[in-house]
$ cat target11.cif   # mmCIF, C-alpha atoms
data_model
#
loop_
_atom_site.label_atom_id
_atom_site.label_comp_id
_atom_site.auth_asym_id
_atom_site.auth_seq_id
_atom_site.Cartn_x
_atom_site.Cartn_y
_atom_site.Cartn_z
CA MET A 9 0.00 0.00 0.00
CA PHE A 10 2.59 2.55 1.10
CA GLY A 11 4.91 1.60 -1.73
CA GLY A 12 2.26 2.59 -4.24
CA LEU A 13 1.34 5.69 -2.23
CA THR A 14 4.81 7.15 -2.36
CA GLY A 15 5.66 6.02 -5.86
CA LEU A 16 8.08 3.24 -4.88
CA ASN A 17 6.46 0.78 -7.31
CA ASP A 18 5.85 3.24 -10.13
CA PRO A 19 8.74 5.04 -11.84
CA LYS A 20 6.31 7.78 -12.85
CA GLY A 21 4.88 8.08 -9.36
CA GLY A 22 7.86 9.75 -7.73
CA ASP A 23 6.05 13.10 -7.65
CA TRP A 24 2.84 11.72 -6.16
CA GLY A 25 3.87 12.34 -2.57
CA GLU A 26 4.85 15.90 -3.42
CA ARG A 27 1.53 16.54 -5.15
CA MET A 28 -0.39 15.22 -2.16
CA LEU A 29 1.64 17.38 0.23
CA ASN A 30 1.19 20.46 -1.96
CA THR A 31 -2.59 19.95 -1.99
CA VAL A 32 -2.87 19.39 1.76
CA ALA A 33 -0.52 22.29 2.61
CA SER A 34 -2.32 24.73 0.27
CA GLN A 35 -5.70 23.88 1.78
CA THR A 36 -4.31 24.23 5.30
CA LEU A 37 -2.45 27.51 4.83
CA ARG A 38 -5.34 29.32 3.17
CA HIS A 39 -7.02 29.27 6.56
CA LEU A 40 -4.25 31.43 8.02
CA PHE A 41 -5.67 34.45 6.20
CA THR A 42 -8.97 36.27 6.44
CA GLN A 43 -8.97 36.31 2.64
CA SER A 44 -6.50 35.71 -0.16
CA GLU A 45 -6.18 36.02 -3.92
CA SER A 46 -3.90 32.99 -4.07
CA VAL A 47 -1.88 30.74 -1.79
CA GLU A 48 0.68 28.59 -3.58
CA VAL A 49 2.67 25.86 -1.85
CA VAL A 50 5.59 23.87 -3.21
CA VAL A 51 6.83 20.93 -1.14
CA ARG A 52 9.92 18.99 -2.22
CA CYS A 53 10.41 15.40 -1.11
CA TYR A 54 12.78 13.19 -3.11
CA PRO A 55 12.78 10.31 -3.11
CA SER A 56 9.14 10.17 -2.08
CA SER A 57 9.87 7.24 0.23
CA LYS A 58 11.26 9.78 2.74
CA LEU A 59 7.70 10.94 3.29
CA LEU A 60 7.01 7.70 5.18
CA GLN A 61 9.54 8.83 7.79
CA GLY A 62 8.03 12.31 7.79
CA SER A 63 11.04 13.94 6.15
CA ILE A 64 10.71 16.55 3.39
CA ASP A 65 13.50 18.49 1.67
CA SER A 66 11.92 21.94 1.56
CA PHE A 67 8.66 23.77 1.99
CA LYS A 68 7.77 27.05 0.27
CA MET A 69 4.62 29.15 0.51
CA ASN A 70 3.70 32.25 -1.45
CA GLY A 71 0.50 34.14 -0.67
CA ARG A 72 -0.71 37.05 -2.80
CA GLY A 73 -3.38 39.60 -2.00
CA VAL A 74 -3.84 38.27 1.52
CA VAL A 75 -5.59 39.95 4.44
CA ILE A 76 -4.50 39.29 8.03
CA ARG A 77 -6.81 39.75 11.01
CA ARG A 78 -9.52 41.17 8.73
CA GLU A 79 -7.86 44.59 8.49
CA PHE A 80 -4.23 44.34 7.36
CA ALA A 81 -3.69 43.87 3.63
CA VAL A 82 -0.45 42.27 2.44
CA GLU A 83 0.45 42.31 -1.24
CA GLU A 84 2.70 39.27 -0.91
CA MET A 85 3.94 37.03 1.89
CA SER A 86 6.33 34.15 1.38
CA PHE A 87 8.47 31.83 3.42
CA GLU A 88 10.73 28.89 2.58
CA THR A 89 12.27 26.25 4.83
CA ASP A 90 15.08 23.77 4.42
CA ALA A 91 14.47 20.16 5.52
CA VAL A 92 11.41 19.77 7.75
CA ALA A 93 10.08 16.86 9.84
CA ILE A 94 6.33 16.31 9.59
CA ASP A 95 3.83 13.80 10.91
CA PHE A 96 3.06 11.57 7.92
CA SER A 97 -0.18 10.29 9.45
CA SER A 98 -1.52 13.86 9.58
CA VAL A 99 -1.04 14.18 5.81
CA LEU A 100 -3.23 11.14 5.25
CA ALA A 101 -5.86 12.89 7.38
CA GLY A 102 -5.68 16.00 5.20
CA LYS A 103 -3.63 18.04 7.67
CA LEU A 104 -0.03 19.20 7.97
CA THR A 105 1.58 18.79 11.38
CA LEU A 106 5.20 19.58 12.22
CA LYS A 107 7.11 17.21 14.48
CA GLN A 108 9.17 20.12 15.77
CA PRO A 109 9.32 23.92 15.29
CA THR A 110 11.30 25.18 12.32
CA GLN A 111 12.55 28.44 10.81
CA ALA A 112 12.00 29.75 7.31
CA VAL A 113 13.38 32.58 5.22
CA ALA A 114 10.53 35.09 4.97
CA GLN A 115 9.52 38.13 2.95
CA VAL A 116 6.55 40.46 3.34
CA VAL A 117 5.60 42.98 0.67
CA LEU A 118 3.24 45.82 1.54
CA SER A 119 1.78 48.23 -0.98
CA GLU A 120 1.43 51.94 -0.35
CA ALA A 121 -2.34 51.53 -0.69
CA GLY A 122 -2.37 48.65 1.81
CA ILE A 123 -0.37 50.65 4.35
CA ASN A 124 -2.79 53.55 4.11
CA GLN A 125 -5.71 51.17 4.45
CA ALA A 126 -4.18 49.93 7.71
CA PHE A 127 -4.39 53.44 9.16
CA SER A 128 -8.19 53.01 8.97
CA ALA A 129 -8.11 49.76 10.98
CA GLU A 130 -9.76 50.00 14.39
CA LEU A 131 -6.62 48.68 16.13
CA VAL A 132 -4.69 51.64 14.70
CA LYS A 133 -7.32 54.39 14.87
CA LYS A 134 -8.02 53.92 18.56
CA ARG A 135 -4.39 54.79 19.28
CA LEU A 136 -4.63 58.09 17.41
CA ILE A 137 -7.99 59.46 18.60
CA ASP A 138 -8.73 61.55 21.71
CA LEU A 139 -5.16 61.46 22.98
CA THR A 140 -4.41 63.09 26.32
CA ILE A 141 -0.67 62.55 26.67
CA PRO A 142 1.08 65.52 28.34
CA ALA A 143 3.05 66.47 25.24
CA LEU A 144 -0.27 67.11 23.42
CA THR A 145 -2.34 68.59 26.22
CA GLU A 146 0.39 71.17 26.79
CA ILE A 147 -0.27 72.32 23.22
CA SER A 148 -4.06 72.00 23.34
CA GLY A 149 -4.63 73.59 26.72
CA GLY A 150 -5.67 70.31 28.32
CA GLU A 151 -8.07 69.12 25.62
CA PRO A 152 -7.76 65.75 23.81
CA VAL A 153 -6.09 65.78 20.38
CA SER A 154 -6.88 63.44 17.48
CA PHE A 155 -4.85 62.66 14.34
CA THR A 156 -6.91 61.88 11.23
CA ASP A 157 -6.69 61.73 7.42
CA ILE A 158 -3.29 60.03 7.59
CA GLU A 159 -1.60 59.35 4.27
CA LEU A 160 1.81 57.74 3.84
CA GLN A 161 3.81 58.04 0.61
CA LEU A 162 6.79 55.74 0.00
CA LEU A 163 9.97 57.51 -1.12
CA PRO A 164 13.35 56.20 -2.35
CA GLU A 165 16.15 55.29 0.04
CA ASN A 166 13.89 54.04 2.84
CA ARG A 167 12.13 57.34 3.45
CA VAL A 168 8.44 58.15 3.59
CA ARG A 169 6.30 61.27 3.47
CA ILE A 170 3.49 61.44 6.01
CA LEU A 171 0.52 63.78 5.71
CA ALA A 172 -2.15 64.10 8.41
CA LYS A 173 -4.49 66.48 10.20
CA ALA A 174 -4.48 67.18 13.92
CA ASP A 175 -7.84 68.08 15.47
CA LEU A 176 -6.90 70.78 17.95
CA ASN A 177 -9.96 72.07 19.81
CA GLY A 178 -12.07 71.70 16.68
CA THR A 179 -9.49 73.29 14.37
CA LEU A 180 -7.77 71.00 11.86
CA ILE A 181 -4.03 71.64 11.69
CA PRO A 182 -2.27 70.10 8.64
CA ILE A 183 0.89 68.06 9.17
CA SER A 184 3.49 67.28 6.52
CA LEU A 185 6.88 65.68 7.05
CA THR A 186 9.37 63.20 5.63
CA THR A 187 11.22 60.65 7.74
CA ALA A 188 13.57 57.70 7.41
CA ILE A 189 12.25 54.26 8.39
CA ALA A 190 14.13 51.27 9.75
CA VAL A 191 13.48 48.00 11.58
CA GLU A 192 14.24 48.03 15.30
CA ARG A 193 14.72 44.89 17.40
CA ARG A 194 13.32 42.89 14.46
CA ARG A 195 9.82 43.72 15.66
CA ARG A 196 8.79 47.26 14.86
CA VAL A 197 9.24 50.06 12.38
CA SER A 198 11.17 53.05 13.71
CA PHE A 199 10.87 56.59 12.32
CA LYS A 200 14.12 58.54 12.34
CA ASP A 201 15.40 61.99 11.33
CA PRO A 202 12.05 63.69 10.56
CA VAL A 203 12.12 66.73 8.30
CA PHE A 204 9.09 68.99 8.69
CA GLU A 205 7.68 70.41 5.46
CA THR A 206 6.21 73.87 5.89
CA ASP A 207 5.65 74.99 2.30
CA THR A 208 2.11 73.59 2.16
CA ILE A 209 1.18 74.74 5.69
CA PRO A 210 -0.55 78.14 6.12
CA GLU A 211 1.97 80.53 7.62
CA ALA A 212 -0.16 81.23 10.68
CA GLN A 213 -0.24 77.49 11.51
CA ARG A 214 3.37 76.55 10.84
CA GLY A 215 4.59 76.83 14.42
CA ILE A 216 1.78 74.78 15.92
CA SER A 217 1.98 72.31 13.03
CA GLN A 218 5.65 71.62 13.70
CA SER A 219 5.02 71.11 17.42
CA LEU A 220 2.18 68.67 16.69
CA SER A 221 4.25 66.92 14.01
CA GLN A 222 7.04 66.25 16.49
CA VAL A 223 4.64 64.56 18.93
CA PHE A 224 2.85 62.72 16.11
CA ILE A 225 6.01 61.10 14.78
CA GLU A 226 6.99 60.07 18.33
CA ILE A 227 3.60 58.38 18.70
CA LEU A 228 4.02 56.53 15.39
CA ASP A 229 7.55 55.51 16.37
CA GLY A 230 6.14 53.62 19.34
CA MET A 231 3.14 51.95 17.73
CA VAL A 232 4.03 50.37 14.36
CA ASP A 233 4.67 46.85 15.61
CA LEU A 234 5.18 44.06 13.09
CA ASP A 235 3.45 41.51 15.30
CA ARG A 236 0.26 42.56 13.49
CA PHE A 237 1.51 40.43 10.61
CA ASP A 238 2.13 37.31 12.68
CA LEU A 239 -0.06 34.33 11.82
CA ASP A 240 -1.53 31.65 14.03
CA GLY A 241 1.50 29.55 15.00
CA ILE A 242 3.91 31.59 12.84
CA THR A 243 5.93 34.53 14.19
CA MET A 244 7.73 36.92 11.85
CA ARG A 245 11.15 38.39 12.59
CA ILE A 246 12.37 41.12 10.24
CA ASN A 247 16.04 41.89 9.58
CA ARG A 248 15.71 44.69 7.02
CA LEU A 249 13.29 46.75 5.01
CA GLU A 250 13.48 48.53 1.67
CA THR A 251 11.25 50.93 -0.23
CA GLN A 252 10.87 50.06 -3.92
CA GLY A 253 8.50 52.29 -5.84
CA GLN A 254 5.07 51.89 -4.23
CA GLN A 255 6.12 48.81 -2.26
CA LEU A 256 7.67 48.37 1.16
CA ILE A 257 9.58 45.08 1.38
CA PHE A 258 10.48 43.37 4.65
CA SER A 259 13.03 40.53 4.69
CA GLY A 260 13.75 38.23 7.59
CA TYR A 261 12.61 34.86 8.87
CA ALA A 262 9.54 33.12 10.24
CA GLN A 263 9.55 31.01 13.39
CA ILE A 264 7.01 28.27 12.66
CA GLU A 265 5.82 26.58 15.85
CA ARG A 266 2.92 24.78 14.22
CA ILE A 267 0.68 24.92 11.19
CA PRO A 268 -2.93 25.31 12.31
CA GLY A 269 -5.70 23.22 10.85
CA LYS A 270 -8.99 24.45 9.44
CA LYS A 271 -11.07 26.65 11.70
#
$ encode --input "target11.cif" --output "structure tokens"
Amino acid sequence: MFGGLTGLNDPKGGDWGERMLNTVASQTLRHLFTQSESVEVVVRCYPSSKLLQGSIDSFKMNGRGVVIRREFAVEEMSFETDAVAIDFSSVLAGKLTLKQPTQAVAQVVLSEAGINQAFSAELVKKRLIDLTIPALTEISGGEPVSFTDIELQLLPENRVRILAKADLNGTLIPISLTTAIAVERRRRVSFKDPVFETDTIPEAQRGISQSLSQVFIEILDGMVDLDRFDLDGITMRINRLETQGQQLIFSGYAQIERIPGKK
């Protein structure tokens, strides 16, 4: 039975185990995302007889147009492992279970549009509305301050332009600045060396705009945490980022503790 299953008795059946694994893995991993345009999986196992011992040579996933936690759009997410030990019996049951945690090379590609969409997510908005931190109340005379209409534009050489409005006692103060971005402690995006742009700000508001901009960028510097892109059982660690046109590309690795089944 198992000889035929893994192609041992059929010279043309050597890929059968791989095809079965690809099908099971694709069906399993689609359930990691709220929605997806495509999730492609390529599993290598040669000779296929190694599958009986739960040994595969490599595992690669590429997801396009995926949404994480219902609110965070990712243009592309991929990871690739070296040799991995799996539970062969789980494959027969239509699941994919790791015998032990593993690491994979990972890449996450965000689009400019997807980043701006994330600023509308409830998890993000609630950290920018009705703020009463001392640095803001000193400017507002004790009243809460909200930041709205946030737009991020990707620039060359790992810089971004950020536009926003600060609601200061019912008056909307425009904010415009450019800043460098970098990965800090492999977990969050840090904003460095801000340059405040005053040309588009009405002259009477420039002073207050710069003061609000300074606090705003400090708030962003402490809140853009990449754990929002972690998946169930899979933790991302980012080593570097790069702006390329209208894309922001993160490169690093994924710590895969387990691959969840269907929910």
$ atom_distance --input "target11.cif" --atom1 "CA of Asn166 (chain A)" --atom2 "CA of Gln43 (chain A)"
28.9 Å
$ residues_near_point --input "target11.cif" --point "(-0.2, 72.5, 9.1)" --cutoff "12 Å" --atoms "all atoms listed in the file" --output "VMD selection string"
chain A and resid 171 to 176 179 to 185 204 to 221
$ atom_distance --input "target11.cif" --atom1 "CA of Thr42 (chain A)" --atom2 "CA of Val99 (chain A)"
23.5 Å
$ residues_around --input "target11.cif" --residues "Ile246 (chain A)" --least-positions-apart "3" --cutoff "9 Å" --atoms "only C-alpha atoms" --output "list in words"
Ala114, Gln115, Val191, Glu192, Arg193, Arg194, Arg195, Arg196, Leu234, Leu249, Phe258, Ser259, Gly260, Tyr261 and Ala262 of chain A
$ atom_distance --input "target11.cif" --atom1 "CA of Ser44 (chain A)" --atom2 "CA of Gln263 (chain A)"
21.5 Å
$ resolve_selection --input "target11.cif" --expression "the PyMOL selection byres ((chain A and resi 128-136) around 6)" --output "ChimeraX atom specification"
/A:79,125-127,137,154-155
$ resolve_selection --input "target11.cif" --expression "the PyMOL selection byres ((chain A and resi 108) around 12)" --output "VMD selection string"
chain A and resid 62 to 63 91 to 95 105 to 107 109 to 111 263 to 267
